[in-house]
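Below: data-v6.txt (compact mmCIF, C-alpha atoms)
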# COMPACT_ATOMS: atom_id res chain seq x y z
CA MET A 1 -105.66 56.00 -98.07
CA ARG A 2 -108.29 53.68 -99.50
CA LEU A 3 -110.40 51.58 -97.22
CA THR A 4 -113.47 49.40 -97.63
CA VAL A 5 -115.63 49.87 -94.56
CA ASN A 6 -118.76 47.81 -94.06
CA GLY A 7 -118.93 47.07 -97.78
CA ARG A 8 -118.38 50.65 -98.99
CA GLU A 9 -115.14 51.89 -100.47
CA HIS A 10 -113.74 55.16 -99.19
CA GLU A 11 -110.88 57.46 -100.11
CA LEU A 12 -109.94 58.95 -96.77
CA SER A 13 -108.41 62.34 -96.09
CA THR A 14 -107.47 61.46 -92.51
CA PRO A 15 -103.63 61.55 -92.29
CA PRO A 16 -101.77 58.19 -92.44
CA LEU A 17 -100.46 58.30 -88.88
CA GLU A 18 -103.84 59.12 -87.39
CA THR A 19 -105.69 56.17 -85.83
CA LEU A 20 -108.17 54.01 -87.68
CA LEU A 21 -110.51 54.74 -84.76
CA ASN A 22 -110.47 58.46 -85.51
CA ALA A 23 -110.94 57.90 -89.21
CA LEU A 24 -113.97 55.70 -88.56
CA ARG A 25 -115.58 57.98 -86.00
CA GLU A 26 -114.63 61.45 -87.19
CA GLU A 27 -114.42 61.13 -90.95
CA LEU A 28 -116.94 58.36 -91.61
CA GLY A 29 -119.30 58.87 -88.65
CA ILE A 30 -119.18 55.19 -87.71
CA THR A 31 -119.51 55.27 -83.95
CA SER A 32 -119.78 51.67 -82.73
CA PRO A 33 -115.99 51.54 -82.18
CA LYS A 34 -115.66 53.48 -78.92
CA ALA A 35 -112.90 55.86 -77.96
CA GLY A 36 -112.36 54.42 -74.48
CA CYS A 37 -108.88 54.28 -73.00
CA GLN A 38 -107.21 54.88 -76.38
CA GLN A 39 -104.21 52.92 -75.14
CA GLY A 40 -105.25 49.46 -76.32
CA GLY A 41 -106.40 48.36 -72.88
CA CYS A 42 -110.19 48.43 -72.92
CA GLY A 43 -111.01 46.76 -76.23
CA ALA A 44 -114.04 48.99 -76.92
CA CYS A 45 -112.56 50.24 -80.21
CA THR A 46 -112.10 46.73 -81.66
CA VAL A 47 -113.04 46.26 -85.32
CA LEU A 48 -112.37 43.52 -87.85
CA VAL A 49 -109.54 44.23 -90.30
CA ASP A 50 -109.67 41.65 -93.09
CA GLY A 51 -111.64 39.49 -90.67
CA GLU A 52 -109.19 39.72 -87.75
CA PRO A 53 -110.02 41.67 -84.58
CA ARG A 54 -107.81 44.74 -84.21
CA ARG A 55 -107.62 47.65 -81.81
CA SER A 56 -108.56 50.57 -84.04
CA CYS A 57 -107.08 53.00 -81.48
CA LEU A 58 -103.64 51.39 -81.92
CA THR A 59 -103.82 51.03 -85.68
CA PRO A 60 -102.34 53.79 -87.81
CA LEU A 61 -104.31 54.36 -90.98
CA VAL A 62 -101.22 53.55 -93.06
CA ALA A 63 -101.40 49.99 -91.73
CA VAL A 64 -104.86 49.40 -93.22
CA ASP A 65 -104.46 51.06 -96.62
CA GLY A 66 -106.42 48.84 -99.00
CA ALA A 67 -107.89 46.70 -96.21
CA THR A 68 -111.47 45.71 -95.51
CA VAL A 69 -112.85 46.89 -92.19
CA THR A 70 -116.00 45.57 -90.56
CA THR A 71 -117.59 47.22 -87.52
CA ALA A 72 -120.53 46.14 -85.37
CA GLU A 73 -122.84 48.22 -87.60
CA ALA A 74 -122.35 45.77 -90.47
CA LEU A 75 -122.91 42.57 -88.48
CA GLY A 76 -126.65 43.11 -88.36
CA ALA A 77 -129.31 45.80 -88.26
CA PRO A 78 -132.24 46.65 -85.97
CA GLY A 79 -134.81 43.92 -86.54
CA LYS A 80 -132.23 41.74 -88.24
CA LEU A 81 -129.50 41.13 -85.68
CA SER A 82 -126.63 38.73 -86.23
CA PRO A 83 -126.77 35.59 -84.04
CA VAL A 84 -124.01 37.02 -81.83
CA GLN A 85 -125.79 40.35 -81.42
CA ALA A 86 -129.07 38.56 -80.72
CA ALA A 87 -127.42 36.31 -78.14
CA PHE A 88 -125.97 39.29 -76.27
CA TYR A 89 -129.43 40.89 -76.35
CA GLU A 90 -131.27 37.75 -75.23
CA GLN A 91 -128.82 36.76 -72.49
CA TYR A 92 -128.58 40.35 -71.16
CA GLY A 93 -124.87 40.23 -71.92
CA LEU A 94 -124.39 43.94 -71.30
CA GLN A 95 -124.99 46.64 -68.76
CA CYS A 96 -123.95 50.12 -69.87
CA GLY A 97 -123.08 48.78 -73.32
CA PHE A 98 -119.87 50.74 -73.89
CA CYS A 99 -117.74 47.61 -74.27
CA THR A 100 -120.44 45.73 -76.21
CA PRO A 101 -119.45 46.58 -79.81
CA GLY A 102 -115.93 45.33 -79.03
CA PHE A 103 -117.25 42.16 -77.41
CA VAL A 104 -119.65 41.49 -80.29
CA VAL A 105 -116.99 42.02 -82.93
CA ALA A 106 -114.41 39.89 -81.07
CA THR A 107 -116.98 37.16 -80.41
CA THR A 108 -117.93 37.08 -84.08
CA ALA A 109 -114.26 36.55 -84.98
CA LEU A 110 -113.79 33.98 -82.20
CA LEU A 111 -116.69 31.86 -83.45
CA GLU A 112 -115.37 32.07 -87.02
CA ARG A 113 -112.03 30.68 -85.87
CA SER A 114 -113.37 28.29 -83.31
CA PRO A 115 -117.11 27.54 -83.60
CA HIS A 116 -117.36 25.69 -80.27
CA PRO A 117 -115.03 27.36 -77.76
CA ASP A 118 -115.02 26.07 -74.20
CA ARG A 119 -115.40 28.42 -71.26
CA GLY A 120 -111.65 28.75 -70.69
CA GLN A 121 -111.07 29.63 -74.31
CA ILE A 122 -113.83 32.26 -74.23
CA LEU A 123 -112.31 33.88 -71.13
CA GLU A 124 -108.81 33.85 -72.64
CA GLU A 125 -109.76 35.10 -76.09
CA LEU A 126 -112.06 37.86 -74.86
CA ALA A 127 -109.79 38.96 -72.00
CA GLY A 128 -108.89 42.15 -73.84
CA HIS A 129 -112.47 43.40 -73.57
CA VAL A 130 -112.98 43.06 -69.85
CA CYS A 131 -114.39 46.36 -68.63
CA ARG A 132 -115.92 47.42 -65.33
CA CYS A 133 -119.48 46.22 -64.89
CA THR A 134 -118.82 42.63 -63.75
CA GLY A 135 -121.46 41.36 -66.16
CA TYR A 136 -119.20 38.62 -67.43
CA VAL A 137 -121.30 35.63 -66.42
CA LYS A 138 -123.94 36.76 -68.87
CA ILE A 139 -121.43 37.71 -71.51
CA VAL A 140 -119.97 34.19 -71.39
CA ALA A 141 -123.52 32.80 -71.51
CA ALA A 142 -124.20 34.93 -74.58
CA VAL A 143 -121.09 33.64 -76.36
CA GLN A 144 -122.02 30.05 -75.49
CA ALA A 145 -125.59 30.58 -76.70
CA ALA A 146 -124.38 32.05 -79.97
CA ALA A 147 -121.96 29.14 -80.42
CA ALA A 148 -124.73 26.61 -79.74
CA GLY A 149 -127.18 28.36 -82.05
CA GLU A 150 -129.52 28.85 -79.09
CA VAL A 151 -130.88 32.19 -80.20
CA SER A 152 -134.63 32.79 -80.51
CA GLU A 153 -136.37 34.25 -83.54
CA SER A 154 -137.68 37.15 -81.46
CA ALA A 155 -134.13 38.01 -80.36
CA LEU A 156 -132.95 38.04 -83.97
CA GLU A 157 -135.78 40.48 -84.73
CA ALA A 158 -135.07 42.70 -81.73
CA GLY A 159 -135.05 46.40 -82.42
CA ALA A 160 -137.43 46.15 -85.34
CA THR A 161 -139.91 48.45 -83.66
CA GLY A 162 -137.24 50.96 -82.69
CA PRO A 163 -136.48 54.16 -84.55
CA SER A 164 -136.16 53.62 -88.25
CA ARG A 165 -132.83 54.33 -89.87
CA GLN A 166 -134.72 56.50 -92.32
CA GLU A 167 -135.43 59.12 -89.67
CA PRO A 168 -133.05 62.06 -89.57
CA GLU A 169 -130.31 61.51 -87.06
CA VAL A 170 -129.82 64.09 -84.38
CA LEU A 171 -126.10 64.52 -83.91
CA VAL A 172 -124.89 66.36 -80.84
CA PRO A 173 -121.31 67.52 -81.38
CA GLY A 174 -118.98 65.93 -78.88
CA SER A 175 -121.53 63.47 -77.58
CA PRO A 176 -120.36 59.90 -76.99
CA ALA A 177 -122.61 58.54 -79.69
CA MET B 1 -99.43 67.16 -85.17
CA THR B 2 -99.77 63.93 -87.03
CA ASN B 3 -101.06 65.64 -90.16
CA LEU B 4 -97.63 67.20 -90.58
CA THR B 5 -95.94 63.81 -90.41
CA GLU B 6 -94.35 62.37 -93.51
CA VAL B 7 -94.90 58.60 -93.47
CA LEU B 8 -92.57 56.27 -95.36
CA ALA B 9 -93.87 52.76 -96.05
CA PRO B 10 -91.03 50.73 -97.65
CA THR B 11 -91.86 47.39 -99.27
CA SER B 12 -88.60 45.47 -98.72
CA PRO B 13 -86.03 45.11 -95.91
CA GLU B 14 -83.45 46.85 -98.12
CA ASP B 15 -85.75 49.82 -98.73
CA ALA B 16 -86.55 49.95 -95.02
CA ALA B 17 -82.87 50.09 -94.13
CA ALA B 18 -82.26 52.78 -96.77
CA ALA B 19 -85.24 54.84 -95.60
CA PHE B 20 -84.08 54.49 -91.98
CA GLY B 21 -80.61 55.85 -92.74
CA ASP B 22 -79.09 56.72 -89.37
CA GLY B 23 -82.55 57.00 -87.85
CA SER B 24 -82.28 60.64 -86.88
CA GLY B 25 -85.61 62.45 -86.65
CA LEU B 26 -87.46 59.27 -87.55
CA THR B 27 -90.16 57.45 -85.57
CA VAL B 28 -90.43 53.74 -86.35
CA VAL B 29 -93.96 52.32 -86.40
CA ALA B 30 -94.59 48.60 -86.72
CA GLY B 31 -97.59 47.22 -84.79
CA GLY B 32 -98.28 50.63 -83.29
CA THR B 33 -99.26 49.24 -79.89
CA ILE B 34 -96.74 51.36 -78.01
CA VAL B 35 -96.10 54.24 -80.35
CA MET B 36 -99.70 55.14 -81.21
CA PRO B 37 -100.78 55.91 -77.61
CA GLU B 38 -97.60 57.96 -77.20
CA ILE B 39 -98.62 60.03 -80.22
CA LYS B 40 -102.22 60.23 -79.03
CA LEU B 41 -101.11 61.50 -75.62
CA GLY B 42 -98.86 64.09 -77.23
CA ARG B 43 -95.69 62.63 -75.71
CA LEU B 44 -94.34 61.85 -79.15
CA ARG B 45 -94.66 64.24 -82.06
CA PRO B 46 -93.07 62.55 -85.07
CA GLU B 47 -91.84 64.71 -87.91
CA ARG B 48 -91.17 61.65 -90.06
CA ALA B 49 -92.33 58.10 -89.53
CA LEU B 50 -91.20 54.79 -90.97
CA TYR B 51 -94.00 52.22 -91.19
CA LEU B 52 -92.63 48.66 -91.28
CA GLY B 53 -95.79 46.63 -91.84
CA ARG B 54 -95.12 46.14 -95.55
CA ALA B 55 -91.32 45.89 -95.38
CA GLY B 56 -91.12 42.09 -95.54
CA LEU B 57 -89.71 41.82 -92.03
CA GLU B 58 -92.23 39.22 -90.83
CA GLY B 59 -91.76 35.52 -90.45
CA ILE B 60 -90.05 32.69 -88.59
CA GLU B 61 -87.54 30.42 -90.36
CA ARG B 62 -85.76 27.38 -88.98
CA SER B 63 -82.62 25.72 -90.27
CA ASP B 64 -80.07 23.48 -88.54
CA GLY B 65 -81.19 24.34 -85.04
CA THR B 66 -81.20 28.08 -85.68
CA VAL B 67 -84.38 30.14 -85.64
CA ARG B 68 -84.52 33.46 -87.52
CA ILE B 69 -87.38 35.74 -86.58
CA GLY B 70 -88.17 38.89 -88.55
CA ALA B 71 -88.38 42.04 -86.42
CA ALA B 72 -91.93 42.81 -87.55
CA THR B 73 -93.22 39.33 -86.68
CA PRO B 74 -96.34 39.72 -84.52
CA VAL B 75 -96.03 38.58 -80.93
CA ALA B 76 -98.97 36.20 -81.56
CA ALA B 77 -96.90 34.30 -84.13
CA LEU B 78 -94.21 33.68 -81.49
CA VAL B 79 -96.67 31.85 -79.25
CA GLU B 80 -96.91 29.01 -81.76
CA GLY B 81 -93.69 29.38 -83.69
CA ALA B 82 -90.85 30.53 -81.42
CA PRO B 83 -88.66 28.34 -79.20
CA GLU B 84 -89.04 28.38 -75.42
CA PRO B 85 -88.78 30.39 -73.25
CA LEU B 86 -89.76 33.03 -75.84
CA ALA B 87 -93.08 31.37 -76.71
CA THR B 88 -94.35 31.32 -73.12
CA PHE B 89 -93.37 34.93 -72.54
CA ALA B 90 -95.08 35.92 -75.81
CA ALA B 91 -98.28 34.18 -74.72
CA HIS B 92 -98.52 36.50 -71.73
CA VAL B 93 -98.05 39.82 -73.54
CA GLY B 94 -101.18 41.99 -73.52
CA ASP B 95 -104.23 40.21 -74.87
CA ARG B 96 -105.15 38.43 -78.08
CA GLU B 97 -105.64 41.54 -80.20
CA VAL B 98 -102.57 43.31 -78.84
CA ARG B 99 -100.44 40.21 -79.48
CA SER B 100 -101.72 40.17 -83.06
CA GLN B 101 -100.55 43.75 -83.60
CA GLY B 102 -97.46 44.20 -81.44
CA THR B 103 -94.17 42.97 -82.90
CA LEU B 104 -91.02 41.30 -81.58
CA GLY B 105 -88.83 44.20 -82.70
CA GLY B 106 -91.12 46.77 -81.14
CA ASN B 107 -91.16 44.87 -77.88
CA LEU B 108 -87.36 44.64 -77.91
CA CYS B 109 -86.88 48.34 -78.60
CA ALA B 110 -89.70 49.70 -76.42
CA PRO B 111 -88.48 52.37 -74.03
CA PRO B 112 -89.59 51.86 -70.42
CA ALA B 113 -92.79 53.71 -69.55
CA GLU B 114 -92.76 56.29 -66.75
CA THR B 115 -94.50 54.02 -64.26
CA PHE B 116 -93.65 50.50 -65.39
CA SER B 117 -91.20 48.56 -67.50
CA ARG B 118 -91.93 47.40 -71.04
CA GLY B 119 -90.36 44.83 -73.28
CA ASP B 120 -91.14 41.55 -71.53
CA LEU B 121 -89.58 39.63 -74.44
CA GLN B 122 -86.13 41.03 -73.65
CA ALA B 123 -85.69 38.44 -70.88
CA PRO B 124 -86.21 35.31 -73.01
CA LEU B 125 -84.04 36.84 -75.75
CA LEU B 126 -81.30 37.39 -73.16
CA ALA B 127 -81.69 33.83 -71.86
CA LEU B 128 -81.43 32.48 -75.39
CA GLY B 129 -78.39 34.62 -76.16
CA ALA B 130 -80.13 36.08 -79.22
CA ARG B 131 -78.21 37.80 -82.01
CA VAL B 132 -79.67 41.09 -83.25
CA ARG B 133 -79.25 42.00 -86.91
CA SER B 134 -79.82 45.72 -87.40
CA ALA B 135 -79.28 48.52 -89.90
CA GLY B 136 -78.22 52.07 -89.20
CA SER B 137 -75.23 54.34 -89.35
CA GLY B 138 -72.30 52.35 -90.78
CA GLY B 139 -74.58 49.78 -92.40
CA GLU B 140 -75.86 46.43 -91.18
CA ARG B 141 -74.30 44.62 -88.25
CA THR B 142 -75.02 41.83 -85.78
CA ASP B 143 -74.82 42.42 -82.04
CA SER B 144 -75.32 40.11 -79.10
CA ILE B 145 -78.59 40.84 -77.33
CA ASP B 146 -76.55 41.89 -74.29
CA ASP B 147 -74.64 44.51 -76.29
CA PHE B 148 -77.76 45.65 -78.10
CA LEU B 149 -79.69 46.25 -74.88
CA ALA B 150 -76.72 47.93 -73.23
CA ALA B 151 -76.30 50.39 -76.11
CA GLY B 152 -80.04 50.95 -76.55
CA PRO B 153 -81.97 50.89 -79.81
CA ASP B 154 -81.41 54.52 -80.82
CA GLY B 155 -79.99 54.80 -84.31
CA ARG B 156 -80.57 51.11 -85.10
CA LEU B 157 -83.37 49.51 -87.11
CA VAL B 158 -83.76 45.88 -86.00
CA LEU B 159 -84.22 43.59 -89.00
CA VAL B 160 -83.93 40.02 -87.74
CA LEU B 161 -83.38 38.20 -84.46
CA GLU B 162 -81.58 34.89 -84.50
CA VAL B 163 -81.61 32.32 -81.70
CA ASP B 164 -80.48 28.72 -81.34
CA GLU B 165 -82.98 26.08 -80.30
CA PRO B 166 -82.28 25.52 -76.61
CA ALA B 167 -81.62 22.07 -75.20
CA ARG B 168 -83.66 23.02 -72.14
CA ALA B 169 -85.73 26.04 -71.16
CA ALA B 170 -88.06 27.12 -68.36
CA THR B 171 -90.01 30.12 -67.14
CA ALA B 172 -91.52 31.32 -63.88
CA ALA B 173 -93.60 34.44 -63.33
CA VAL B 174 -95.65 36.37 -60.82
CA ARG B 175 -98.89 37.48 -62.40
CA ARG B 176 -101.00 40.12 -60.74
CA PRO B 177 -104.69 39.57 -61.42
CA HIS B 178 -106.44 42.70 -62.62
CA ALA B 179 -108.91 43.43 -65.40
CA HIS B 180 -105.89 42.19 -67.31
CA ALA B 181 -103.29 40.08 -65.51
CA TYR B 182 -99.99 41.96 -65.43
CA THR B 183 -96.70 40.16 -65.09
CA ILE B 184 -94.75 42.01 -62.42
CA LEU B 185 -91.70 39.76 -62.37
CA ALA B 186 -90.64 36.88 -64.60
CA VAL B 187 -87.63 34.61 -65.02
CA ALA B 188 -86.46 33.04 -68.27
CA VAL B 189 -83.89 30.23 -68.34
CA ALA B 190 -82.40 28.60 -71.42
CA GLU B 191 -79.54 26.25 -72.09
CA THR B 192 -77.86 26.54 -75.48
CA ALA B 193 -74.38 25.79 -76.81
CA GLY B 194 -73.39 29.06 -75.14
CA GLY B 195 -74.27 27.65 -71.72
CA LEU B 196 -77.08 28.16 -69.25
CA ARG B 197 -78.38 31.69 -69.04
CA VAL B 198 -80.86 33.20 -66.59
CA ALA B 199 -82.66 36.49 -67.28
CA ILE B 200 -85.17 38.52 -65.33
CA ALA B 201 -87.98 40.78 -66.56
CA GLY B 202 -89.53 43.31 -64.21
CA ALA B 203 -86.51 43.91 -61.99
CA GLY B 204 -85.62 47.21 -63.63
CA PRO B 205 -86.45 49.38 -66.58
CA ARG B 206 -85.03 46.70 -68.87
CA ALA B 207 -84.54 42.96 -68.55
CA VAL B 208 -81.26 41.89 -66.93
CA ARG B 209 -79.22 38.72 -66.69
CA ALA B 210 -78.72 37.06 -63.32
CA THR B 211 -75.02 36.48 -63.96
CA ALA B 212 -74.30 35.60 -60.32
CA VAL B 213 -76.82 32.75 -60.55
CA GLU B 214 -75.29 31.57 -63.83
CA GLN B 215 -71.81 31.59 -62.31
CA ALA B 216 -72.96 29.72 -59.20
CA LEU B 217 -74.55 27.04 -61.38
CA ALA B 218 -71.41 26.80 -63.53
CA GLY B 219 -69.44 26.38 -60.32
CA GLY B 220 -71.52 23.37 -59.38
CA ALA B 221 -74.04 24.92 -56.97
CA SER B 222 -77.45 23.30 -56.72
CA PRO B 223 -80.32 25.22 -58.32
CA ALA B 224 -81.72 26.12 -54.88
CA ASP B 225 -78.35 27.45 -53.69
CA ALA B 226 -77.60 29.25 -56.95
CA ALA B 227 -80.98 30.98 -56.79
CA GLN B 228 -79.91 32.66 -53.54
CA SER B 229 -77.57 34.81 -55.65
CA ALA B 230 -80.50 36.18 -57.66
CA LEU B 231 -80.22 39.62 -56.08
CA ASP B 232 -76.46 39.98 -56.65
CA GLY B 233 -76.17 42.85 -59.10
CA VAL B 234 -79.94 42.97 -59.53
CA ASN B 235 -81.82 45.77 -57.81
CA PRO B 236 -85.59 45.66 -58.34
CA GLN B 237 -87.31 49.05 -58.20
CA ASP B 238 -90.72 50.29 -57.14
CA ASP B 239 -93.15 50.93 -59.94
CA ALA B 240 -96.89 51.06 -60.50
CA LEU B 241 -97.20 47.26 -60.54
CA ALA B 242 -95.26 46.25 -57.41
CA SER B 243 -92.76 47.51 -54.86
CA GLY B 244 -89.05 46.86 -55.14
CA ASN B 245 -89.17 45.26 -51.70
CA TYR B 246 -91.83 42.77 -52.77
CA ARG B 247 -89.85 41.90 -55.86
CA ARG B 248 -86.69 41.37 -53.80
CA GLN B 249 -88.57 39.02 -51.49
CA VAL B 250 -90.00 37.01 -54.37
CA LEU B 251 -87.16 36.90 -56.87
CA PRO B 252 -84.88 34.20 -55.39
CA GLY B 253 -87.80 31.81 -55.03
CA LEU B 254 -88.93 32.54 -58.56
CA VAL B 255 -85.44 31.82 -59.93
CA ALA B 256 -85.33 28.59 -57.92
CA ARG B 257 -88.69 27.55 -59.35
CA ALA B 258 -87.57 28.19 -62.94
CA LEU B 259 -84.31 26.29 -62.39
CA GLY B 260 -86.21 23.45 -60.74
CA ASP B 261 -88.52 23.16 -63.75
CA LEU B 262 -85.50 22.95 -66.02
CA SER B 263 -84.20 19.61 -64.82
Now, as a test, write the supplied structure out as structure tokens.
Amino acid sequence: MRLTVNGREHELSTPPLETLLNALREELGITSPKAGCQQGGCGACTVLVDGEPRRSCLTPLVAVDGATVTTAEALGAPGKLSPVQAAFYEQYGLQCGFCTPGFVVATTALLERSPHPDRGQILEELAGHVCRCTGYVKIVAAVQAAAAGEVSESALEAGATGPSRQEPEVLVPGSPA
Amino acid sequence: MTNLTEVLAPTSPEDAAAAFGDGSGLTVVAGGTIVMPEIKLGRLRPERALYLGRAGLEGIERSDGTVRIGAATPVAALVEGAPEPLATFAAHVGDREVRSQGTLGGNLCAPPAETFSRGDLQAPLLALGARVRSAGSGGERTDSIDDFLAAGPDGRLVLVLEVDEPARAATAAVRRPHAHAYTILAVAVAETAGGLRVAIAGAGPRAVRATAVEQALAGGASPADAAQSALDGVNPQDDALASGNYRRQVLPGLVARALGDLS
């Protein structure tokens, strides 16, 4: 199976009927797609497949052979967030953050399709990501801010003072990274 | 287990039918929305799998009042492109991403889950009197949706569904608000050259026709009176989404509402 993930081409050894989610997390170490319910219900595993949001936990690898996959990691970087990421940061559009990569990825796709969604459309299109924390007022505010371009420079630069990606990562086996 | 699975990925309907054979020992994967969690949970351990995503079974074609829908057409495509009442039912399946992945054929053939029914699109297909083109032992054949559902999908690979554009159609549903809104009971009504048909989703493990209601209407009963027959031959069960008793209380009114919206 060949797959371009976040701009890099990979030849994967994960079997074809294994999930895209497992291939991303276990073989490639890309951990923004979360293994939540693993039944398609929570939306935390959502990634872009050829630009369209897909549940990676429901997607067999055979279905994405030759496809281009984009995860939240490739939307921006610490200190250089995408407008959607920055809007979620600035509007406090998250609590525990587990659902956030899915929301950010789905919002990015939503604004590509429909740059100025109304509130009803936002609620309908992001319904598959609704989680537990009740923080939806701020999530909707974040989507609206991103759509309106109301994102501050400091938000776009958020995370710049955080740990550098050059530092060695400490991986704890089995941890929900 | 999945690393032992041989996966066939045919690139034409003919190759898909040939690879399917009589279907024995084969797990069919299209959108994956139902089958992948089953595999993940260890309830399904495929030895061989047939992936349909590249088999050319997608698409909606119209000609002379007939609509042909490929079995691997995503549910999302039905929302815009299918006739009523199928389009409205499709719009309420899962959520945006799930509708983009799940397919019409998969929804039709989905076995009921342990704690709830699946296959919400069976009801509008029943109401429309769909014809099911499938391959399997003995070659290709076309069955009425009624016969197909009665026999079950085992041993058949659905290729195309064909429906006639209805003269009139209506839907009514009870949605249960949750993190996602689940449809616990829904009614599909459609009038085609074959007559007026009424079908119910959520009143059993599979969708059923309300034949007593249809007969009452054909006999000249008013929609409100005909709807009182909604429970004749229909026996809603308890499941994780609602009790059978609640469904029995609600169903006649729901049928009346759908019939009322029709005229």
Exercise. Hey, list the chain B side of the contact with chain A: 9 Å cut-off, only C-alpha atoms, answer as a count of residues only.
Key: 33
Leaving out range 138-153 of chain A and any residue of its chain fewer than 5 positions from it, which residues lie within 10 Å of it when counting all atoms listed in the file, given as an mmCIF file with C-alpha atoms, in the coordinates of the input?
data_model
loop_
_atom_site.group_PDB
_atom_site.id
_atom_site.type_symbol
_atom_site.label_atom_id
_atom_site.label_comp_id
_atom_site.auth_asym_id
_atom_site.auth_seq_id
_atom_site.Cartn_x
_atom_site.Cartn_y
_atom_site.Cartn_z
ATOM 1 C CA LYS A 80 -132.230 41.740 -88.240
ATOM 2 C CA LEU A 81 -129.500 41.130 -85.680
ATOM 3 C CA SER A 82 -126.630 38.730 -86.230
ATOM 4 C CA PRO A 83 -126.770 35.590 -84.040
ATOM 5 C CA VAL A 84 -124.010 37.020 -81.830
ATOM 6 C CA GLN A 85 -125.790 40.350 -81.420
ATOM 7 C CA ALA A 86 -129.070 38.560 -80.720
ATOM 8 C CA ALA A 87 -127.420 36.310 -78.140
ATOM 9 C CA PHE A 88 -125.970 39.290 -76.270
ATOM 10 C CA TYR A 89 -129.430 40.890 -76.350
ATOM 11 C CA GLU A 90 -131.270 37.750 -75.230
ATOM 12 C CA GLN A 91 -128.820 36.760 -72.490
ATOM 13 C CA TYR A 92 -128.580 40.350 -71.160
ATOM 14 C CA GLY A 93 -124.870 40.230 -71.920
ATOM 15 C CA LEU A 94 -124.390 43.940 -71.300
ATOM 16 C CA GLN A 95 -124.990 46.640 -68.760
ATOM 17 C CA THR A 100 -120.440 45.730 -76.210
ATOM 18 C CA PHE A 103 -117.250 42.160 -77.410
ATOM 19 C CA VAL A 104 -119.650 41.490 -80.290
ATOM 20 C CA THR A 107 -116.980 37.160 -80.410
ATOM 21 C CA THR A 108 -117.930 37.080 -84.080
ATOM 22 C CA LEU A 110 -113.790 33.980 -82.200
ATOM 23 C CA LEU A 111 -116.690 31.860 -83.450
ATOM 24 C CA GLU A 112 -115.370 32.070 -87.020
ATOM 25 C CA SER A 114 -113.370 28.290 -83.310
ATOM 26 C CA PRO A 115 -117.110 27.540 -83.600
ATOM 27 C CA HIS A 116 -117.360 25.690 -80.270
ATOM 28 C CA PRO A 117 -115.030 27.360 -77.760
ATOM 29 C CA ASP A 118 -115.020 26.070 -74.200
ATOM 30 C CA ARG A 119 -115.400 28.420 -71.260
ATOM 31 C CA GLY A 120 -111.650 28.750 -70.690
ATOM 32 C CA ILE A 122 -113.830 32.260 -74.230
ATOM 33 C CA LEU A 123 -112.310 33.880 -71.130
ATOM 34 C CA LEU A 126 -112.060 37.860 -74.860
ATOM 35 C CA ALA A 158 -135.070 42.700 -81.730
#
Exercise. Quote the spacing between CA of His92 in chain B and CA of Val255 in chain B in Å to one decimal place.
Key: 18.2 Å
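Shortest separation to Ser134 in chain B among B:Ala240, B:Ala18, B:Ala212, B:Ile200 occurs at residue B:Ala18, atoms counted being only C-alpha atoms.
Our summary of the geometry notes that CA of Arg197 in chain B is positioned 6.1 Å from CA of Glu214 in chain B.
Between CA of Gln121 in chain A and CA of Ala76 in chain B lies a distance of 15.6 Å.
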Quiz item: Using only C-alpha atoms, which residues sit within 8 Å of Ala130 in chain B once same-chain residues fewer than 4 positions away are excluded, as a PyMOL selection string?
Solution: chain B and resi 125-126+144-145+161-164
Within 12 Å of (-117.4, 51.1, -99.2) (coordinates as in the file), grab all the protein and nucleic acid residues, counting only C-alpha atoms, and write them out as a PDB file with C-alpha atoms, in the coordinates of the input.
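Result saved to point.pdb:
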ATOM      1  CA  ARG A   2    -108.290  53.680 -99.500  1.00  0.00           C
ATOM      2  CA  LEU A   3    -110.400  51.580 -97.220  1.00  0.00           C
ATOM      3  CA  THR A   4    -113.470  49.400 -97.630  1.00  0.00           C
ATOM      4  CA  VAL A   5    -115.630  49.870 -94.560  1.00  0.00           C
ATOM      5  CA  ASN A   6    -118.760  47.810 -94.060  1.00  0.00           C
ATOM      6  CA  GLY A   7    -118.930  47.070 -97.780  1.00  0.00           C
ATOM      7  CA  ARG A   8    -118.380  50.650 -98.990  1.00  0.00           C
ATOM      8  CA  GLU A   9    -115.140  51.890-100.470  1.00  0.00           C
ATOM      9  CA  HIS A  10    -113.740  55.160 -99.190  1.00  0.00           C
ATOM     10  CA  GLU A  11    -110.880  57.460-100.110  1.00  0.00           C
ATOM     11  CA  LEU A  12    -109.940  58.950 -96.770  1.00  0.00           C
ATOM     12  CA  LEU A  28    -116.940  58.360 -91.610  1.00  0.00           C
ATOM     13  CA  GLY A  66    -106.420  48.840 -99.000  1.00  0.00           C
ATOM     14  CA  ALA A  67    -107.890  46.700 -96.210  1.00  0.00           C
ATOM     15  CA  THR A  68    -111.470  45.710 -95.510  1.00  0.00           C
ATOM     16  CA  VAL A  69    -112.850  46.890 -92.190  1.00  0.00           C
ATOM     17  CA  THR A  70    -116.000  45.570 -90.560  1.00  0.00           C
ATOM     18  CA  ALA A  74    -122.350  45.770 -90.470  1.00  0.00           C
TER      19      ALA A  74
END
Quiz prompt | Test item: residues at most 9 Å from Leu159 in chain B, only C-alpha atoms, excluding those fewer than 6 positions along its chain, as number ranges by chain | solution = B: 13, 17, 57, 69-72, 105, 132-135
As a CSV table (one decimal) with C-alpha atoms, in the coordinates of the input, please: the residues near Ala203 in chain B (cut-off 8 Å, only C-alpha atoms, same-chain neighbours under 4 positions excluded).
chain,number,residue,atom,x,y,z
B,185,LEU,CA,-91.7,39.8,-62.4
B,207,ALA,CA,-84.5,43.0,-68.6
B,208,VAL,CA,-81.3,41.9,-66.9
B,234,VAL,CA,-79.9,43.0,-59.5
B,235,ASN,CA,-81.8,45.8,-57.8
B,236,PRO,CA,-85.6,45.7,-58.3
B,237,GLN,CA,-87.3,49.0,-58.2
B,244,GLY,CA,-89.0,46.9,-55.1
B,247,ARG,CA,-89.8,41.9,-55.9
